[in-house]
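Structure file target.tsv (TSV, C-alpha atoms) follows.
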chain	number	residue	atom	x	y	z
E	256	MET	CA	-41.81	114.09	-4.88
E	257	ASN	CA	-39.88	114.03	-8.09
E	258	VAL	CA	-36.81	111.88	-8.10
E	259	HIS	CA	-34.23	112.72	-10.52
E	260	VAL	CA	-32.81	109.65	-12.12
E	261	GLU	CA	-29.69	110.04	-13.91
E	262	ARG	CA	-29.75	108.08	-17.12
E	263	PRO	CA	-26.58	106.17	-17.65
E	264	ASP	CA	-24.67	106.68	-20.71
E	265	ASN	CA	-25.29	103.61	-22.86
E	266	SER	CA	-23.45	104.95	-25.77
E	267	ILE	CA	-20.60	102.80	-24.82
E	268	LYS	CA	-22.65	99.56	-25.25
E	269	PRO	CA	-25.10	99.13	-28.10
E	270	GLU	CA	-28.68	98.04	-27.33
E	271	TRP	CA	-28.23	94.53	-28.64
E	272	ALA	CA	-25.22	93.96	-26.38
E	273	LEU	CA	-27.03	94.76	-23.09
E	274	THR	CA	-27.65	91.89	-20.63
E	275	ARG	CA	-31.05	91.01	-19.27
E	276	ARG	CA	-30.26	92.72	-15.94
E	277	GLU	CA	-29.00	95.81	-17.73
E	278	ARG	CA	-32.16	96.01	-19.83
E	279	LYS	CA	-34.33	95.72	-16.66
E	280	ARG	CA	-32.31	98.48	-15.01
E	281	GLN	CA	-32.63	100.65	-18.13
E	282	ALA	CA	-36.43	100.16	-18.13
E	283	LEU	CA	-36.66	101.41	-14.49
E	284	ILE	CA	-34.60	104.44	-15.31
E	285	ASP	CA	-36.75	105.21	-18.36
E	286	ALA	CA	-39.84	105.00	-16.11
E	287	GLY	CA	-38.36	107.57	-13.71
E	288	LEU	CA	-37.71	105.02	-10.92
E	289	ALA	CA	-34.47	104.44	-9.12
E	290	PRO	CA	-33.08	100.83	-9.35
E	291	ARG	CA	-33.31	98.74	-6.08
E	292	LYS	CA	-29.99	97.83	-4.55
E	293	PHE	CA	-29.34	94.47	-2.78
E	294	PRO	CA	-28.63	94.90	0.98
E	295	TRP	CA	-25.17	93.23	0.91
E	296	PHE	CA	-24.13	94.68	4.24
E	297	TRP	CA	-26.98	93.05	6.22
E	298	ALA	CA	-26.58	89.72	4.46
E	299	LEU	CA	-22.92	89.66	5.32
E	300	ALA	CA	-23.70	90.46	8.96
E	301	ILE	CA	-26.22	87.64	9.24
E	302	VAL	CA	-23.68	85.11	7.85
E	303	ILE	CA	-21.04	86.20	10.35
E	304	VAL	CA	-23.43	85.97	13.31
E	305	GLY	CA	-24.60	82.47	12.27
E	306	ALA	CA	-21.05	81.20	11.90
E	307	GLY	CA	-20.15	82.42	15.41
E	308	ALA	CA	-23.18	80.78	16.95
E	309	ALA	CA	-22.32	77.44	15.24
E	310	TYR	CA	-18.73	77.68	16.49
E	311	ILE	CA	-19.96	78.03	20.07
E	312	LEU	CA	-22.96	75.68	20.18
E	313	VAL	CA	-21.91	72.64	18.06
E	314	PRO	CA	-19.00	71.46	20.30
E	315	GLN	CA	-21.26	71.75	23.35
E	316	LEU	CA	-23.98	69.61	21.75
E	317	THR	CA	-21.43	67.02	20.63
E	318	ALA	CA	-19.88	66.78	24.08
E	319	THR	CA	-23.31	66.35	25.63
E	320	GLU	CA	-24.13	63.43	23.32
E	321	ALA	CA	-20.75	61.79	23.94
E	322	SER	CA	-21.07	62.06	27.69
E	323	THR	CA	-24.44	60.31	27.66
E	324	PRO	CA	-23.76	56.50	27.43
E	325	ALA	CA	-25.94	54.53	25.02
E	326	PRO	CA	-27.90	51.74	26.68
E	327	VAL	CA	-26.22	48.28	26.10
E	328	VAL	CA	-28.56	45.44	25.13
E	329	ALA	CA	-27.17	41.98	26.02
E	330	ALA	CA	-27.38	39.69	22.95
E	331	PRO	CA	-28.08	36.02	23.60
E	332	ASP	CA	-25.19	33.57	22.89
E	333	PRO	CA	-25.62	32.17	19.35
E	334	VAL	CA	-26.00	28.42	18.86
E	335	LYS	CA	-23.20	27.03	16.67
E	336	LEU	CA	-24.15	24.59	13.95
E	337	VAL	CA	-21.82	21.59	13.70
E	338	LEU	CA	-21.93	19.06	10.87
E	339	SER	CA	-22.47	15.45	11.87
E	340	ALA	CA	-19.25	14.55	10.03
E	341	ASP	CA	-17.32	16.52	12.66
E	342	VAL	CA	-19.00	14.75	15.59
E	343	THR	CA	-18.25	11.20	16.82
E	344	THR	CA	-19.81	8.94	19.43
E	345	LEU	CA	-17.11	6.87	21.09
E	346	ALA	CA	-17.26	3.09	20.66
E	347	PRO	CA	-14.73	0.25	21.15
E	348	GLN	CA	-12.79	-0.69	18.04
E	349	THR	CA	-10.00	-2.89	16.75
E	350	ILE	CA	-6.93	-0.98	15.64
E	351	THR	CA	-4.23	-2.38	13.39
E	352	GLU	CA	-0.89	-1.00	12.30
E	353	THR	CA	0.04	-2.09	8.78
E	354	LEU	CA	3.03	-1.90	6.48
E	355	LYS	CA	2.61	-1.73	2.72
E	356	ALA	CA	4.35	-4.36	0.63
E	357	THR	CA	4.25	-4.96	-3.12
E	358	GLY	CA	5.63	-7.62	-5.43
E	359	SER	CA	4.88	-10.26	-8.04
E	360	LEU	CA	3.36	-13.62	-7.25
E	361	ALA	CA	5.08	-16.88	-8.11
E	362	PRO	CA	4.23	-20.54	-7.44
E	363	ARG	CA	5.89	-21.86	-4.30
E	364	ARG	CA	7.08	-24.99	-6.14
E	365	THR	CA	8.24	-25.02	-9.74
E	366	ILE	CA	10.19	-27.80	-11.41
E	367	ALA	CA	11.61	-28.12	-14.91
E	368	LEU	CA	11.77	-31.78	-15.92
E	369	SER	CA	14.50	-32.83	-18.33
E	370	SER	CA	15.47	-36.10	-19.97
E	371	GLN	CA	18.06	-38.34	-18.32
E	372	VAL	CA	18.36	-40.93	-21.06
E	373	ASN	CA	18.94	-41.19	-24.77
E	374	GLY	CA	16.01	-42.42	-26.79
E	375	THR	CA	12.94	-41.71	-28.83
E	376	VAL	CA	9.89	-40.20	-27.10
E	377	ASP	CA	7.01	-42.64	-27.31
E	378	ASP	CA	4.27	-40.67	-25.54
E	379	VAL	CA	3.57	-37.22	-24.03
E	380	ARG	CA	0.36	-37.41	-22.04
E	381	PHE	CA	-0.34	-33.84	-20.88
E	382	ARG	CA	-0.49	-30.41	-22.44
E	383	VAL	CA	0.01	-26.89	-21.07
E	384	GLY	CA	-2.66	-26.05	-18.49
E	385	ASP	CA	-3.51	-29.65	-17.66
E	386	SER	CA	-3.62	-30.60	-14.00
E	387	VAL	CA	-1.48	-33.53	-12.95
E	388	ARG	CA	-1.26	-35.65	-9.80
E	389	ALA	CA	1.88	-36.85	-8.11
E	390	GLY	CA	2.96	-40.13	-9.81
E	391	ASP	CA	1.22	-39.46	-13.14
E	392	VAL	CA	3.28	-40.50	-16.19
E	393	LEU	CA	4.13	-37.35	-18.13
E	394	VAL	CA	6.57	-38.51	-20.81
E	395	GLN	CA	7.49	-42.04	-21.90
E	396	VAL	CA	10.78	-42.64	-23.72
E	397	ASP	CA	11.27	-45.86	-25.73
E	398	ILE	CA	12.54	-48.55	-23.35
E	399	GLU	CA	13.22	-51.39	-25.79
E	400	THR	CA	16.85	-50.45	-26.33
E	401	LEU	CA	17.28	-49.80	-22.62
E	402	ASN	CA	15.90	-53.24	-21.77
E	403	ILE	CA	18.34	-54.89	-24.16
E	404	GLN	CA	21.23	-53.01	-22.61
E	405	LEU	CA	20.07	-54.03	-19.15
E	406	GLN	CA	19.89	-57.68	-20.10
E	407	GLN	CA	23.38	-57.57	-21.58
E	408	GLN	CA	24.77	-56.03	-18.42
E	409	LYS	CA	23.02	-58.62	-16.27
E	410	SER	CA	24.30	-61.51	-18.43
E	411	THR	CA	27.88	-60.27	-18.26
E	412	ALA	CA	27.61	-59.88	-14.52
E	413	GLU	CA	26.23	-63.42	-14.13
E	414	ALA	CA	29.07	-64.88	-16.20
E	415	THR	CA	31.63	-63.05	-14.13
E	416	ARG	CA	29.93	-64.19	-10.94
E	417	ALA	CA	30.20	-67.82	-12.10
E	418	GLN	CA	33.88	-67.38	-12.92
E	419	LEU	CA	34.44	-65.88	-9.49
E	420	ALA	CA	32.77	-68.83	-7.78
E	421	GLN	CA	34.92	-71.28	-9.74
E	422	ALA	CA	38.08	-69.34	-8.96
E	423	GLU	CA	37.26	-69.19	-5.25
E	424	ALA	CA	36.74	-72.98	-5.19
E	425	GLN	CA	40.09	-73.47	-6.91
E	426	VAL	CA	41.81	-71.29	-4.34
E	427	GLU	CA	40.40	-73.43	-1.54
E	428	ARG	CA	41.79	-76.64	-3.13
E	429	THR	CA	45.17	-75.08	-3.75
E	430	GLU	CA	45.35	-73.89	-0.14
E	431	ARG	CA	44.78	-77.49	1.12
E	432	LEU	CA	47.45	-78.83	-1.20
E	433	ASN	CA	49.84	-76.08	-0.23
E	434	THR	CA	49.52	-76.95	3.45
E	435	ARG	CA	50.65	-80.49	2.62
E	436	GLY	CA	53.48	-79.19	0.47
E	437	LEU	CA	52.09	-80.50	-2.75
E	438	VAL	CA	51.63	-77.09	-4.46
E	439	ALA	CA	54.03	-74.20	-4.57
E	440	SER	CA	53.11	-70.98	-2.83
E	441	ALA	CA	53.51	-69.04	-6.10
E	442	ASN	CA	50.59	-70.94	-7.62
E	443	LEU	CA	48.43	-70.13	-4.64
E	444	ASP	CA	49.28	-66.43	-4.87
E	445	SER	CA	48.43	-66.37	-8.57
E	446	GLU	CA	45.04	-67.96	-8.00
E	447	ARG	CA	44.24	-65.53	-5.19
E	448	ALA	CA	45.08	-62.56	-7.47
E	449	ASN	CA	42.74	-63.98	-10.10
E	450	VAL	CA	39.92	-64.16	-7.52
E	451	ASP	CA	40.49	-60.53	-6.49
E	452	ALA	CA	40.37	-59.42	-10.14
E	453	LEU	CA	37.14	-61.31	-10.75
E	454	ARG	CA	35.57	-59.77	-7.66
E	455	SER	CA	36.46	-56.26	-8.80
E	456	ASN	CA	35.17	-56.95	-12.28
E	457	LEU	CA	31.91	-58.27	-10.85
E	458	LYS	CA	31.41	-55.12	-8.78
E	459	ALA	CA	31.87	-52.98	-11.87
E	460	LEU	CA	29.42	-55.07	-13.82
E	461	GLU	CA	26.88	-54.92	-10.99
E	462	SER	CA	27.20	-51.12	-11.03
E	463	GLN	CA	26.53	-51.13	-14.75
E	464	VAL	CA	23.45	-53.24	-14.16
E	465	ALA	CA	22.22	-50.78	-11.55
E	466	ALA	CA	22.86	-47.87	-13.92
E	467	ALA	CA	20.92	-49.63	-16.66
E	468	GLU	CA	18.04	-50.21	-14.26
E	469	ILE	CA	18.03	-46.51	-13.29
E	470	GLY	CA	18.11	-45.54	-16.95
E	471	LEU	CA	15.15	-47.80	-17.58
E	472	ARG	CA	13.23	-46.17	-14.74
E	473	ASN	CA	14.18	-42.67	-15.93
E	474	ALA	CA	12.74	-43.43	-19.33
E	475	THR	CA	9.35	-42.96	-17.67
E	476	VAL	CA	9.02	-39.34	-16.48
E	477	ILE	CA	6.46	-38.95	-13.69
E	478	ALA	CA	5.02	-35.92	-11.87
E	479	PRO	CA	6.83	-35.33	-8.56
E	480	PHE	CA	3.88	-33.45	-7.01
E	481	ASP	CA	0.36	-32.25	-7.74
E	482	GLY	CA	0.42	-29.29	-10.08
E	483	VAL	CA	-0.27	-27.81	-13.48
E	484	VAL	CA	1.72	-28.16	-16.70
E	485	ALA	CA	3.28	-24.75	-17.34
E	486	ALA	CA	5.43	-25.67	-20.36
E	487	ARG	CA	5.83	-28.62	-22.76
E	488	SER	CA	9.02	-28.85	-24.79
E	489	VAL	CA	8.81	-32.30	-26.38
E	490	GLU	CA	6.56	-34.17	-28.77
E	491	PRO	CA	6.12	-37.90	-29.54
E	492	GLY	CA	8.72	-39.22	-32.01
E	493	GLN	CA	11.31	-36.68	-30.96
E	494	VAL	CA	14.76	-38.02	-30.09
E	495	THR	CA	15.86	-36.84	-26.70
E	496	SER	CA	19.16	-36.88	-24.86
E	497	PRO	CA	20.24	-36.31	-21.26
E	498	GLY	CA	19.59	-32.71	-20.20
E	499	ALA	CA	16.97	-31.97	-22.87
E	500	ALA	CA	13.94	-30.03	-21.53
E	501	LEU	CA	10.69	-31.98	-21.37
E	502	MET	CA	8.07	-30.23	-19.18
E	503	GLN	CA	7.65	-27.62	-16.49
E	504	ILE	CA	5.26	-28.31	-13.60
E	505	VAL	CA	4.10	-25.66	-11.11
E	506	ASP	CA	2.25	-26.03	-7.83
E	507	LEU	CA	-0.39	-23.26	-7.57
E	508	SER	CA	-1.84	-24.37	-4.24
E	509	VAL	CA	0.49	-21.96	-2.43
E	510	MET	CA	1.83	-18.76	-3.98
E	511	GLU	CA	4.79	-16.71	-2.86
E	512	MET	CA	5.55	-13.01	-3.11
E	513	THR	CA	8.91	-11.42	-2.41
E	514	ALA	CA	8.14	-7.94	-1.14
E	515	TYR	CA	10.60	-5.18	-0.32
E	516	VAL	CA	10.01	-3.04	2.76
E	517	PRO	CA	12.10	-0.20	4.25
E	518	VAL	CA	14.94	-1.48	6.40
E	519	SER	CA	13.76	0.84	9.19
E	520	ALA	CA	10.50	-1.14	9.41
E	521	SER	CA	12.12	-4.57	9.51
E	522	PRO	CA	12.38	-4.70	13.35
E	523	ASN	CA	8.57	-4.73	13.45
E	524	LEU	CA	8.34	-7.81	11.21
E	525	ARG	CA	8.33	-11.43	12.28
E	526	PRO	CA	7.27	-14.74	10.68
E	527	GLY	CA	3.59	-15.53	10.98
E	528	GLN	CA	2.27	-11.97	10.77
E	529	ALA	CA	-0.96	-11.71	8.80
E	530	VAL	CA	-0.96	-10.18	5.32
E	531	THR	CA	-3.95	-9.02	3.27
E	532	LEU	CA	-3.38	-8.90	-0.49
E	533	THR	CA	-5.17	-7.29	-3.40
E	534	VAL	CA	-4.21	-8.50	-6.85
E	535	GLU	CA	-4.34	-6.75	-10.21
E	536	GLY	CA	-6.82	-8.48	-12.48
E	537	LEU	CA	-9.03	-9.61	-9.60
E	538	PRO	CA	-10.83	-6.42	-8.49
E	539	GLY	CA	-12.85	-6.56	-5.30
E	540	ARG	CA	-11.05	-9.68	-4.07
E	541	GLN	CA	-8.81	-9.97	-1.03
E	542	PHE	CA	-6.48	-12.85	-0.25
E	543	SER	CA	-5.06	-13.78	3.13
E	544	GLY	CA	-1.41	-14.68	3.56
E	545	SER	CA	1.35	-14.61	6.13
E	546	VAL	CA	4.98	-13.62	6.47
E	547	ALA	CA	7.10	-16.73	5.86
E	548	GLY	CA	10.57	-15.22	6.21
E	549	ILE	CA	12.54	-11.98	6.53
E	550	SER	CA	15.97	-11.49	5.04
E	551	PRO	CA	18.60	-10.62	7.66
E	552	VAL	CA	20.33	-8.13	5.33
E	553	ALA	CA	19.10	-5.27	3.18
E	554	THR	CA	19.35	-5.35	-0.59
E	555	GLU	CA	22.50	-3.55	-1.66
E	556	GLY	CA	21.88	-0.01	-2.84
E	557	THR	CA	18.15	0.06	-2.01
E	558	ARG	CA	17.95	0.11	1.80
E	559	THR	CA	15.05	-2.32	1.58
E	560	VAL	CA	14.67	-5.78	3.09
E	561	PRO	CA	13.22	-8.72	1.12
E	562	VAL	CA	10.24	-10.29	2.89
E	563	LEU	CA	8.78	-13.62	1.75
E	564	VAL	CA	4.98	-13.77	1.89
E	565	THR	CA	3.00	-16.96	1.26
E	566	VAL	CA	-0.64	-17.05	0.17
E	567	ASP	CA	-2.92	-20.08	0.04
E	568	ASN	CA	-4.47	-20.52	-3.39
E	569	PRO	CA	-6.73	-23.58	-3.20
E	570	GLY	CA	-8.98	-22.40	-6.01
E	571	GLY	CA	-6.12	-21.59	-8.37
E	572	GLU	CA	-7.31	-18.02	-9.06
E	573	LEU	CA	-3.84	-16.62	-8.49
E	574	ARG	CA	-1.29	-17.09	-11.26
E	575	GLY	CA	2.43	-16.61	-11.45
E	576	GLY	CA	3.45	-13.10	-12.47
E	577	MET	CA	0.41	-11.31	-11.06
E	578	PHE	CA	1.25	-8.04	-9.30
E	579	ALA	CA	-0.01	-7.85	-5.72
E	580	THR	CA	-0.20	-5.14	-3.09
E	581	GLY	CA	-0.22	-6.28	0.51
E	582	GLN	CA	-0.75	-4.85	3.96
E	583	ILE	CA	1.33	-6.57	6.62
E	584	VAL	CA	-0.26	-6.31	10.06
E	585	THR	CA	2.65	-5.35	12.34
E	586	ALA	CA	0.55	-4.57	15.44
E	587	GLU	CA	-3.06	-5.03	16.53
E	588	VAL	CA	-5.16	-4.19	19.59
E	589	GLU	CA	-8.80	-5.13	20.15
E	590	ASN	CA	-11.66	-3.52	22.09
E	591	THR	CA	-9.90	-0.21	22.70
E	592	LEU	CA	-11.01	3.44	22.73
E	593	ALA	CA	-9.44	5.83	20.24
E	594	VAL	CA	-10.20	9.23	18.74
E	595	PRO	CA	-9.00	11.07	15.63
E	596	PRO	CA	-5.88	13.18	16.28
E	597	ALA	CA	-7.80	16.32	15.27
E	598	ALA	CA	-10.17	15.83	18.22
E	599	ILE	CA	-7.41	16.31	20.80
E	600	ARG	CA	-6.77	19.93	21.76
E	601	GLU	CA	-4.25	21.42	24.14
E	602	ASP	CA	-4.17	24.41	26.46
E	603	ALA	CA	-2.25	25.49	29.54
E	604	GLU	CA	-3.91	22.76	31.60
E	605	GLY	CA	-3.08	19.95	29.21
E	606	GLN	CA	-4.77	17.90	26.50
E	607	PHE	CA	-8.55	17.68	26.21
E	608	VAL	CA	-11.48	17.13	23.89
E	609	LEU	CA	-14.72	19.07	23.52
E	610	LYS	CA	-17.47	16.76	24.73
E	611	ILE	CA	-21.07	17.56	23.83
E	612	VAL	CA	-23.40	17.35	26.83
E	613	ASP	CA	-27.04	18.41	26.28
E	614	GLY	CA	-26.01	20.77	23.49
E	615	ASP	CA	-23.17	22.40	25.47
E	616	LEU	CA	-19.46	22.04	24.81
E	617	VAL	CA	-17.62	20.78	27.87
E	618	ARG	CA	-13.84	20.60	28.29
E	619	GLN	CA	-12.95	16.96	28.98
E	620	ALA	CA	-9.35	16.17	29.89
E	621	VAL	CA	-7.91	13.05	28.20
E	622	GLU	CA	-4.70	11.01	28.46
E	623	PRO	CA	-3.44	9.65	25.10
E	624	SER	CA	-1.45	6.42	25.25
E	625	ARG	CA	-0.39	5.65	21.66
E	626	SER	CA	-0.66	7.11	18.16
E	627	TRP	CA	-1.50	4.73	15.32
E	628	ARG	CA	-0.23	6.26	12.08
E	629	ALA	CA	-1.77	3.83	9.62
E	630	ALA	CA	-5.19	3.88	11.33
E	631	ARG	CA	-4.97	7.66	11.89
E	632	VAL	CA	-6.26	7.49	15.43
E	633	THR	CA	-4.90	8.13	18.91
E	634	GLU	CA	-5.54	5.51	21.56
E	635	LEU	CA	-6.74	6.85	24.91
E	636	ALA	CA	-5.65	5.66	28.33
E	637	SER	CA	-8.40	7.63	30.11
E	638	GLY	CA	-10.77	10.57	29.79
E	639	LEU	CA	-13.70	9.33	27.72
E	640	ALA	CA	-16.19	6.51	28.12
E	641	VAL	CA	-18.15	4.44	25.64
E	642	GLY	CA	-21.11	6.45	24.33
E	643	ASP	CA	-19.56	9.91	24.87
E	644	THR	CA	-20.15	12.32	21.99
E	645	PHE	CA	-17.35	14.74	21.14
E	646	VAL	CA	-16.14	17.08	18.42
E	647	SER	CA	-13.82	15.07	16.20
E	648	GLY	CA	-13.19	17.64	13.46
E	649	ARG	CA	-10.59	20.40	13.57
E	650	LEU	CA	-12.96	23.31	14.30
E	651	ASP	CA	-10.76	26.01	15.84
E	652	ASP	CA	-13.62	28.45	16.45
E	653	LEU	CA	-15.31	26.20	19.02
E	654	ARG	CA	-14.70	26.77	22.71
E	655	ALA	CA	-15.83	25.14	25.92
E	656	GLY	CA	-19.10	26.68	27.15
E	657	MET	CA	-20.56	27.25	23.69
E	658	GLN	CA	-23.91	25.83	22.66
E	659	VAL	CA	-23.96	23.68	19.56
E	660	ARG	CA	-26.50	21.89	17.45
E	661	VAL	CA	-25.53	18.95	15.25
E	662	VAL	CA	-26.93	19.03	11.72
E	663	GLU	CA	-26.68	16.48	8.95
E	664	ASN	CA	-24.18	17.00	6.19
Please, can you express the file's structure as structure tokens?
Amino acid sequence: MNVHVERPDNSIKPEWALTRRERKRQALIDAGLAPRKFPWFWALAIVIVGAGAAYILVPQLTATEASTPAPVVAAPDPVKLVLSADVTTLAPQTITETLKATGSLAPRRTIALSSQVNGTVDDVRFRVGDSVRAGDVLVQVDIETLNIQLQQQKSTAEATRAQLAQAEAQVERTERLNTRGLVASANLDSERANVDALRSNLKALESQVAAAEIGLRNATVIAPFDGVVAARSVEPGQVTSPGAALMQIVDLSVMEMTAYVPVSASPNLRPGQAVTLTVEGLPGRQFSGSVAGISPVATEGTRTVPVLVTVDNPGGELRGGMFATGQIVTAEVENTLAVPPAAIREDAEGQFVLKIVDGDLVRQAVEPSRSWRAARVTELASGLAVGDTFVSGRLDDLRAGMQVRVVEN
């Protein structure tokens, strides 16, 4: 059967401009074959049918899967790991409440010795830093002139005393004569006035003698107590006068510190409370002291109260002017049970702690009695016993009934 193929008119497009598909089509036509056409109608029908089937079947399959519950597998409760730093075993302890106090140290006794006489310094027996004992001669002023003055005063007093004795004897004779009418009363009165004058003069001279004796004693300056020479202001050969500085002696056996504490804390202070001091320049050392006195009024403009603290210093390590920081023990309780504040939790039933029993967390009700701010613990009235292990850290994810395992930090 001969098929007539109509050759397209390619005069419109030149040969070099034809596409690959057009060249293939042209080759079929030249061979006397008709070009095969793509069945677009059937392809379109298949696509439409497939889309309809998907629209009907997919929702049904999805609903079937959703209506079938997936089997639930019960997972075992996980064991929580807790660091040993967040776990505490309860034991009795001593709790103290302290108040911080700072200040500078000073010797309890300090004395500045000055001259009380005029004279030339003969001897100065100690230098700065030397230890002295009570009664030791520190400075000796020349006493030769003072001795001469004393002797003169004594001689004058003796002469006046002799005159007084003679005048008193004369008054007695005149009184006897006057009673017999042999002497006028005016003579007797004159002699009595002379006796009174001599007595007054003798008292003045005796006072001068006593003053000269005191001056002689003051020429020798002695140590009034055991201590250390803190300053020396005189040298041998120097002429001194009353009021001139000679030496300064300090007693280092007991030191004092004036500390200033808030006035709101003063009601908790009382004499005799223990104080522990640390001192700059002596690292690693602690010194024990006590409260010696509390001022009844606050320092104006500061709202702080001066507190006098004394510290024993038998070895002399502490020196005047050292800066010290102290902790005054305002309250203390021994052999008590306490827990960190973070260990105490609270729910609708009240306060409790999480006690660890055989790896399980158990809710244990507790009754706090007092909070100690300085020690950062809360004292318990009841709830826990010695040896109980509990969670002491603030771990908010832990609950009663959980299993835990304590691991090292």
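The closest residue to Gln348 in chain E, picked from E:Ala459, E:Val392, E:Val632, E:Ala500 and counting all atoms listed in the file, is E:Val632.
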Can you tell me how far CA of Val484 in chain E sits from CA of Ile398 in chain E, in Å to one decimal?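 About the pair CA of Val484 in chain E and CA of Ile398 in chain E: they are 24.0 Å apart.
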Two-atom distance - CA of Val641 in chain E, CA of Glu589 in chain E (Å): 14.5 Å
Among listed residues E:Glu446, E:Gln407, E:Arg363, E:Asp481, nearest Asp567 in chain E (using all atoms listed in the file):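 Between E:Glu446, E:Gln407, E:Arg363, E:Asp481, the residue approaching Asp567 in chain E most closely is E:Arg363.
Between CA of Pro561 in chain E and CA of Arg574 in chain E lies a distance of 20.8 Å.
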Using only C-alpha atoms, the shortest atom-to-atom distance to Val621 in chain E among E:Thr429, E:Gln606, E:Asn523, E:Gln371 belongs to E:Gln606
Contacts of Gly605 in chain E at 12 Å or less, counting only C-alpha atoms, minus same-chain residues fewer than 3 places along, as a ChimeraX atom specification? /E:599-602,608,618-623
Counting only C-alpha atoms, which residues come within 7 Å of (0.0, -28.0, -11.8), with the point read in the file's coordinates, and could you list them as a ChimeraX atom specification? /E:386-387,481-484,504-507
Serialized selection, C-alpha atoms, as a PDB file, in the coordinates of the input:
ATOM      1  CA  SER E 386      -3.620 -30.600 -14.000  1.00  0.00           C
ATOM      2  CA  VAL E 387      -1.480 -33.530 -12.950  1.00  0.00           C
ATOM      3  CA  ASP E 481       0.360 -32.250  -7.740  1.00  0.00           C
ATOM      4  CA  GLY E 482       0.420 -29.290 -10.080  1.00  0.00           C
ATOM      5  CA  VAL E 483      -0.270 -27.810 -13.480  1.00  0.00           C
ATOM      6  CA  VAL E 484       1.720 -28.160 -16.700  1.00  0.00           C
ATOM      7  CA  ILE E 504       5.260 -28.310 -13.600  1.00  0.00           C
ATOM      8  CA  VAL E 505       4.100 -25.660 -11.110  1.00  0.00           C
ATOM      9  CA  ASP E 506       2.250 -26.030  -7.830  1.00  0.00           C
ATOM     10  CA  LEU E 507      -0.390 -23.260  -7.570  1.00  0.00           C
TER      11      LEU E 507
END
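Once Gln418 in chain E and its same-chain neighbours fewer than 6 positions away are set aside, Thr411, Ala412, Ala424, Gln425, Asn449, Val450, Asp451, Ala452, Leu453, Arg454, Asn456 and Leu457 of chain E remain within 12 Å of it when counting all atoms listed in the file.
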Rank nothing, just name the residue among E:Gly384, E:Gly498, E:Pro595, E:Gly648 nearest to Ala486 in chain E, using all atoms listed in the file. E:Gly384
Give the answer as one residue: which of E:Leu405, E:Ala414, E:Leu419, E:Val584 has the shortest atom-to-atom distance to Val546 in chain E, using only C-alpha atoms? E:Val584
Please identify all polymer residues lying at most 10 Å from the point (9.8, -2.3, 1.2) (file coordinates), using all atoms listed in the file, and present the result as a list of chain:residue names.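 All residues meeting the 10 Å criterion around (9.8, -2.3, 1.2) are E:Leu354, E:Lys355, E:Ala356, E:Thr357, E:Gly358, E:Thr513, E:Ala514, E:Tyr515, E:Val516, E:Pro517, E:Val518, E:Ser519, E:Ala520, E:Ser521, E:Ala553, E:Thr557, E:Arg558, E:Thr559, E:Val560, E:Pro561, E:Val562.
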Which centre and which edge lengths, in Å to one decimal, describe the axis-aligned box that holds all listed atoms of range 483-495 of chain E after 3 Å is added on each side, as lines of an AutoDock Vina configuration file?
center_x = 7.8
center_y = -32.0
center_z = -22.7
size_x = 22.1
size_y = 20.5
size_z = 24.5
Tell me which of E:Ser462, E:Thr580, E:Thr531, E:Thr365 sits closest to Ser508 in chain E, counting only C-alpha atoms. E:Thr365
Please list as an NGL selection string every residue within 6 Å of range 341-347 of chain E, counting all atoms listed in the file and excluding residues in the same chain fewer than 6 positions away. :E and (590-592 or 641-648)
Contacts of Arg654 in chain E at 9 Å or less, counting all atoms listed in the file, minus same-chain residues fewer than 6 places along, as a ChimeraX atom specification? /E:609,616-618
